[in-house]
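Here is the structure we will look at, set down as structure tokens.
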There are 2 protein chains.
Amino acid sequence: MDAKIKPVRLADVAKAAGVSHGTASNVFSRPEIVREEVRERVRAAAGKLGYGGPDPKGRLLRAGKVNAIGVATAEPLSYFFDDPFARVVMSGISEACDRTGAGIALVSAANEEQLAWNIRSALVDGFIVFCLEGGSRLVELTRERGLPFVALDFGFDDERIAAIGVDDVAGARRAARHLAGLGHRRFAILSLEFDGGGHGPASFERASATVYAGTRDRIAGYLGAITEAGADPASVPIYETQNDKATTHAGLEYFFAAETPPTAILAMSDKVALYALDWLAARGIPVPGDVSVVGFDGVPEGETSEPPLTTIAQPMAEMGRRAVEMILGFDGTIRRETLDVELIVRGSTSAPRG
Amino acid sequence: MDAKIKPVRLADVAKAAGVSHGTASNVFSRPEIVREEVRERVRAAAGKLGYGGPDPKGRLLRAGKVNAIGVATAEPLSYFFDDPFARVVMSGISEACDRTGAGIALVSAANEEQLAWNIRSALVDGFIVFCLEGGSRLVELTRERGLPFVALDFGFDDERIAAIGVDDVAGARRAARHLAGLGHRRFAILSLEFDGGGHGPASFERASATVYAGTRDRIAGYLGAITEAGADPASVPIYETQNDKATTHAGLEYFFAAETPPTAILAMSDKVALYALDWLAARGIPVPGDVSVVGFDGVPEGETSEPPLTTIAQPMAEMGRRAVEMILGFDGTIRRETLDVELIVRGSTSAPRG
DNA sequence: AGTAGAATTTGAACCGATCCAAACCAGATG
DNA sequence: CATCTGGTTTGGATCGGTTCAAATTCTACT
């Protein structure tokens with residue numbers, strides 16, 4: 001009963017049963033074409049040798065298809081289970097995979113080198129890439145692999161990259177218009193990263209020169225609507241966060257240290273918006289009484305926050321579903337799908353005081 | 001630029017570069033042993049042909065190791081992202097995988113047949129099996145595969161199956177003792193499934209004859225402590241739920257239709273406990289004023305529920321981590337690890353009124 | 001120049017299956 | 001008895017790489 005090496009191959013079973021490996025193979029993959037007597041003999045031999053069926057490693061090479069799609073990110077693997085946005089998208093991906101019988105392979109790594117190796121050696125038929133922030137390297141690696149792949153969220157303008165996302169400009173504009181419509185004129189923007197790694201207050205010029213397309217477009221949308229409303233876009237404070245608690249709180253410290261703090265906060269993700277809500281609550285600043293907050297994404301946590309978060313909802317699950325369909329039904333043409341966002345008004349926004 | 005067939009193999013590159021495939025292979029896997037001039041030549045040829053590096057499908061066969069661990073469940077794939085218990089365990093698994101550079105392959109399927117196929121053809125080095133309810137078939141399939149595997153949660157008594165779980169008897173006992181210690185004497189149990197597919201009120205005898213080891217042990221623990229406290233275990237109403245909202249609510253309807261409804265509810269999962277909290281709130285029954293509720297698992301949602309949930313916390317992330325270590329460090333011996341649970345007292349329990 | 005020793009390169013074997021054309025075999029038909 | 005037919009079985013080719021012993025080419029030194 002000790003741990004032995006036990007390389008039982010199909011060929012061993014065939015020999016033991018006294019048939020050719022071709023026949024042995026058929027017993028497992030197309031049993032109906034093998035004469036019953038022989039079939040049983042082979043099965044018996046397999047049983048005796050402890051053969052657990054054809055090793056997929058072998059089949060794979062011949063079949064070509066792995067029947068699994070890879071989902072890649074530059075974040076740690078736990079991102080898929082911890083991040084609310086990722087989770088909802090993954091739900092959509094799961095659903096589509098379940099429907100088609102495909103498996104999901106999660107690909108990530110602690111460091112850049114490992115990531116490269118993992119992407120290169122992942123056994124998948126295609127990739128869905130979460131290229132939220134700083135995904136350029138990731139997209140590069142994935143494309144090198146030569147398999148069909150789709151980027152979620154338009155991190156890039158590159159038309160040669162298939163992608164599924166939303167119209168960030170329109171979404172952001174809708175958020176800002178909602179606030180402007182309520183009467184707000186003093187805005188502040190909690191931005192996502194401009195180009196990777198940075199954080200801190202940003203000038204109007206710096207913000208306008210953002211590299212990441214998603215961030216850039218949202219800023220453009222916000223400022224566009226603000227201009228429409230007659231406010232001066234150049235006077236809107238912008239703070240670059242890293243989509244985490246620390247930098248979000250730092251951003252709020254920055255905003256509220258000003259003489260005339262904002263009455264309306266435009267957060268580029270619900271995560272940031274929720275951290276903002278925490279900070280405001282801790283400071284005793286009433287929301288939406290003194291300050292209105294609107295997020296971006298539409299994660300479930302926004303429904304139950306205190307107050308519930310007004311936000312621009314992306315069809316996250318739908319994005320996941322479409323991505324899978326795009327990979328599985330890849331026909332050689334790269335497409336970029338833009339889905340609609342929706343303004344969901346909840347309790348975190350109202351007319352400004354006075 | 002149209003979609004062409006493009007099977008560029010290493011051999012093609014080798015030929016184009018005028019070297020043997022052995023050398024071509026080395027250029028990619030051990031570049032340092034190839035003379036620079038040759039290396040560049042091969043790389044150039046690869047570039048020209050659009051070769052994206054060695055196909056892992058080929059390497060795999062020789063290498064043997066896939067460098068990924070499979071996580072299997074009989075639920076739909078979205079279970080991994082939606083279920084709070086699963087998510088925390090997956091976080092632990094992710095962490096351990098990140099540390100060792102392994103990938104994660106999620107395996108599941110809509111129907112039994114697909115599941116069997118998927119388990120049999122998953123490209124993994126080992127399996128972690130979520131065999132919560134009705135996992136016997138799943139465990140059977142997995143074992144047939146002949147790879148190392150670990151069951152999470154002792155769904156079975158079978159000593160030949162490696163498993164990681166908690167002492168359900170002790171955990172349940174601790175929950176019931178906590179309530180008894182507060183003075184409760186009228187208990188009710190919201191149970192998980194007894195043997196698969198069933199739900200509804202259950203007699204003492206039926207409940208004691210539960211097939212699923214986890215459920216059985218928790219019932220034993222609850223009733224043991226209840227007996228200790230001097231209450232009659234045979235008079236404790238037990239309702240078998242399917243760990244979902246509908247059956248949980250049905251169970252509560254059942255309990256509260258009785259002349260003397262319980263003052264203490266023992267829920268076998270936090271999920272059920274949280275559904276119970278919802279139901280009680282909707283009925284205007286104060287918790288913990290009129291009724292105390294204690295859950296089992298320790299999911300994050302229990303911290304923020306209204307009221308926060310008293311529960312028996314399992315070290316979920318730790319279970320995930322250990323499972324990965326067990327697979328990766330498999331030495332041929334099967335082990336069953338029992339981890340400690342912890343009673344976390346929060347706001348959903350207090351002394352009974354009067 | 002001659003040669004041992006190091007550095008490279010080659011080519012065949014192998015990994016574990018599936019696939020398929022050809023061979024085989026038994027019974028039916030002419 | 002030869003031929004045809006349909007169901008089975010066989011064995012070689014193939015999938016796309018890695019590996020390693022042997023062959024070849026370089027280097028350095030006497």
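FYI, nothing fancy with the structure tokens labels: chains A, B, ... in order, residues from 1 per chain, ligands from 1 as they appear.
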
Show me a table, sorted first by chain and then by increasing residue number, of the residues of chain A having an atom at most 12 Å from chain D, each with its shortest atom pair and the distance in Å to one decimal, counting only C-alpha atoms (C1' of nucleotides) and written as a Markdown table.
| residue | atom | partner | partner_atom | distance |
| --- | --- | --- | --- | --- |
| A:Gly18 | CA | D:DT9 | C1' | 11.5 |
| A:Val19 | CA | D:DT9 | C1' | 8.2 |
| A:Ser20 | CA | D:DT10 | C1' | 6.3 |
| A:His21 | CA | D:DG11 | C1' | 8.7 |
| A:Gly22 | CA | D:DT10 | C1' | 7.3 |
| A:Thr23 | CA | D:DT9 | C1' | 6.7 |
| A:Ala24 | CA | D:DT9 | C1' | 10.3 |
| A:Ser25 | CA | D:DT9 | C1' | 11.8 |
| A:Asn26 | CA | D:DT9 | C1' | 10.5 |
| A:Val27 | CA | D:DT9 | C1' | 12.0 |
| A:Glu32 | CA | D:DT8 | C1' | 11.3 |
| A:Ile33 | CA | D:DT8 | C1' | 7.9 |
| A:Val34 | CA | D:DT8 | C1' | 7.0 |
| A:Arg35 | CA | D:DT8 | C1' | 7.2 |
| A:Glu36 | CA | D:DT8 | C1' | 11.0 |
| A:Glu37 | CA | D:DT8 | C1' | 11.7 |
| A:Val38 | CA | D:DT8 | C1' | 10.1 |
| A:Arg39 | CA | D:DT8 | C1' | 11.7 |
| A:Lys57 | CA | D:DC15 | C1' | 11.3 |
| A:Gly58 | CA | D:DC15 | C1' | 9.0 |
| A:Arg59 | CA | D:DC15 | C1' | 9.0 |
| A:Leu60 | CA | D:DC15 | C1' | 8.4 |
| A:Leu61 | CA | D:DC15 | C1' | 4.9 |
| A:Arg62 | CA | D:DC15 | C1' | 4.5 |
| A:Ala63 | CA | D:DC15 | C1' | 7.8 |
| A:Gly64 | CA | D:DC15 | C1' | 8.0 |
| A:Lys65 | CA | D:DC15 | C1' | 11.6 |

Next on the checklist: Using DSSP assignments from the backbone, pull out every residue in region 71-237 of chain B that falls under strand (DSSP E) and give it to me as an MDAnalysis selection string.
Outcome noted: chainID B and resid 71:73 103:107 127:130 149:152 163:166 187:191 200:202

Using the selection just defined, write its residues with N, CA and C atoms as an mmCIF file, in the first residue's frame.
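Writing the result to again05.cif gives the following:
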data_model
loop_
_atom_site.group_PDB
_atom_site.id
_atom_site.type_symbol
_atom_site.label_atom_id
_atom_site.label_comp_id
_atom_site.auth_asym_id
_atom_site.auth_seq_id
_atom_site.Cartn_x
_atom_site.Cartn_y
_atom_site.Cartn_z
ATOM 1 N N VAL B 71 -10.214 22.377 -8.788
ATOM 2 C CA VAL B 71 -11.151 22.508 -7.686
ATOM 3 C C VAL B 71 -12.504 22.084 -8.241
ATOM 4 N N ALA B 72 -13.054 21.056 -7.665
ATOM 5 C CA ALA B 72 -14.274 20.491 -8.223
ATOM 6 C C ALA B 72 -15.463 20.627 -7.299
ATOM 7 N N THR B 73 -16.611 20.779 -7.898
ATOM 8 C CA THR B 73 -17.843 20.808 -7.127
ATOM 9 C C THR B 73 -18.966 20.282 -8.001
ATOM 10 N N GLY B 103 -1.556 27.188 -10.901
ATOM 11 C CA GLY B 103 -2.793 27.764 -11.390
ATOM 12 C C GLY B 103 -3.981 27.032 -10.796
ATOM 13 N N ILE B 104 -5.146 27.560 -11.039
ATOM 14 C CA ILE B 104 -6.361 26.944 -10.522
ATOM 15 C C ILE B 104 -7.279 26.620 -11.686
ATOM 16 N N ALA B 105 -7.756 25.400 -11.726
ATOM 17 C CA ALA B 105 -8.724 25.036 -12.752
ATOM 18 C C ALA B 105 -10.034 24.710 -12.056
ATOM 19 N N LEU B 106 -11.069 25.432 -12.445
ATOM 20 C CA LEU B 106 -12.370 25.200 -11.837
ATOM 21 C C LEU B 106 -13.103 24.134 -12.637
ATOM 22 N N VAL B 107 -13.570 23.112 -11.957
ATOM 23 C CA VAL B 107 -14.220 22.025 -12.659
ATOM 24 C C VAL B 107 -15.621 21.813 -12.126
ATOM 25 N N PHE B 127 -6.769 17.243 -7.160
ATOM 26 C CA PHE B 127 -8.079 17.871 -6.991
ATOM 27 C C PHE B 127 -8.361 18.257 -5.549
ATOM 28 N N ILE B 128 -9.057 19.364 -5.421
ATOM 29 C CA ILE B 128 -9.646 19.702 -4.136
ATOM 30 C C ILE B 128 -11.140 19.609 -4.390
ATOM 31 N N VAL B 129 -11.815 18.819 -3.600
ATOM 32 C CA VAL B 129 -13.222 18.565 -3.859
ATOM 33 C C VAL B 129 -14.118 19.207 -2.814
ATOM 34 N N PHE B 130 -15.002 20.049 -3.268
ATOM 35 C CA PHE B 130 -16.019 20.614 -2.391
ATOM 36 C C PHE B 130 -17.164 19.614 -2.369
ATOM 37 N N PHE B 149 -6.007 13.813 -4.220
ATOM 38 C CA PHE B 149 -7.133 14.723 -4.006
ATOM 39 C C PHE B 149 -7.494 14.807 -2.540
ATOM 40 N N VAL B 150 -8.098 15.915 -2.200
ATOM 41 C CA VAL B 150 -8.497 16.170 -0.822
ATOM 42 C C VAL B 150 -9.946 16.614 -0.816
ATOM 43 N N ALA B 151 -10.717 16.046 0.075
ATOM 44 C CA ALA B 151 -12.097 16.487 0.212
ATOM 45 C C ALA B 151 -12.133 17.577 1.269
ATOM 46 N N LEU B 152 -12.903 18.609 1.012
ATOM 47 C CA LEU B 152 -13.044 19.659 2.001
ATOM 48 C C LEU B 152 -14.324 19.379 2.749
ATOM 49 N N ALA B 163 -8.957 14.207 3.689
ATOM 50 C CA ALA B 163 -9.935 15.263 3.912
ATOM 51 C C ALA B 163 -9.422 16.290 4.899
ATOM 52 N N ILE B 164 -9.990 17.466 4.783
ATOM 53 C CA ILE B 164 -9.690 18.531 5.728
ATOM 54 C C ILE B 164 -11.030 19.091 6.175
ATOM 55 N N GLY B 165 -11.215 19.173 7.460
ATOM 56 C CA GLY B 165 -12.490 19.682 7.930
ATOM 57 C C GLY B 165 -12.405 20.045 9.395
ATOM 58 N N VAL B 166 -13.561 20.231 9.974
ATOM 59 C CA VAL B 166 -13.569 20.576 11.387
ATOM 60 C C VAL B 166 -14.307 19.485 12.148
ATOM 61 N N PHE B 187 -35.305 24.855 21.798
ATOM 62 C CA PHE B 187 -34.450 24.939 20.606
ATOM 63 C C PHE B 187 -35.169 24.476 19.347
ATOM 64 N N ALA B 188 -34.598 24.876 18.231
ATOM 65 C CA ALA B 188 -35.060 24.340 16.947
ATOM 66 C C ALA B 188 -33.826 24.280 16.053
ATOM 67 N N ILE B 189 -33.788 23.278 15.185
ATOM 68 C CA ILE B 189 -32.608 23.090 14.335
ATOM 69 C C ILE B 189 -32.958 23.250 12.867
ATOM 70 N N LEU B 190 -32.245 24.166 12.214
ATOM 71 C CA LEU B 190 -32.365 24.301 10.759
ATOM 72 C C LEU B 190 -31.202 23.505 10.193
ATOM 73 N N SER B 191 -31.540 22.326 9.704
ATOM 74 C CA SER B 191 -30.486 21.399 9.290
ATOM 75 C C SER B 191 -30.141 21.537 7.812
ATOM 76 N N GLY B 200 -37.806 19.507 4.500
ATOM 77 C CA GLY B 200 -39.062 19.413 5.228
ATOM 78 C C GLY B 200 -38.806 19.030 6.673
ATOM 79 N N PRO B 201 -39.854 19.006 7.484
ATOM 80 C CA PRO B 201 -39.696 18.663 8.896
ATOM 81 C C PRO B 201 -39.214 17.223 9.035
ATOM 82 N N ALA B 202 -38.409 16.988 10.035
ATOM 83 C CA ALA B 202 -37.853 15.650 10.203
ATOM 84 C C ALA B 202 -38.033 15.174 11.629
#

Next on the checklist: Would you mind listing, as a PyMOL selection string, all residues of chain B that have at least one atom within 6 Å of chain A, where only C-alpha atoms are what counts?
Outcome noted: chain B and resi 3+52+56-57+61+77-78+81+87+91+94+98+103-107+109-110+121+144-146+332

Checklist entry - chain C residues within 10 Å of chain A, counting only C-alpha atoms (C1' of nucleotides): which ones, as a ChimeraX atom specification? => result /C:15-19

Checklist outcome for this item: Expressed in Å, the length from CA of Thr241 (chain A) to CA of Thr304 (chain B) is 26.1 Å

Checklist entry - Among region 59-267 of chain A, which ones does DSSP place in helix (DSSP H, G or I), written as a PyMOL selection string? => result chain A and resi 59-63+79-82+84-100+112-121+136-145+168-182+204-208+213-228+233-235+245-256

Item to check | Between CA of Ala180 (chain A) and CA of Gly230 (chain A) - distance in Å to one decimal | outcome: 9.3 Å

Next on the checklist: So that I can check the surroundings of Ala170 (chain A), please list as an MDAnalysis selection string every protein, DNA and RNA residue that reaches within 10 Å of it, counting only C-alpha atoms (C1' of nucleotides) and ignoring chain neighbours fewer than 3 positions away.
Outcome noted: chainID A and resid 166:167 173:176 217:218 220:222 224:225 340:341

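Checking A:Gly181, A:Gly126, A:Gly155, A:Gly284 one by one against Ile327 (chain A), counting only C-alpha atoms, you find the shortest gap at A:Gly126.
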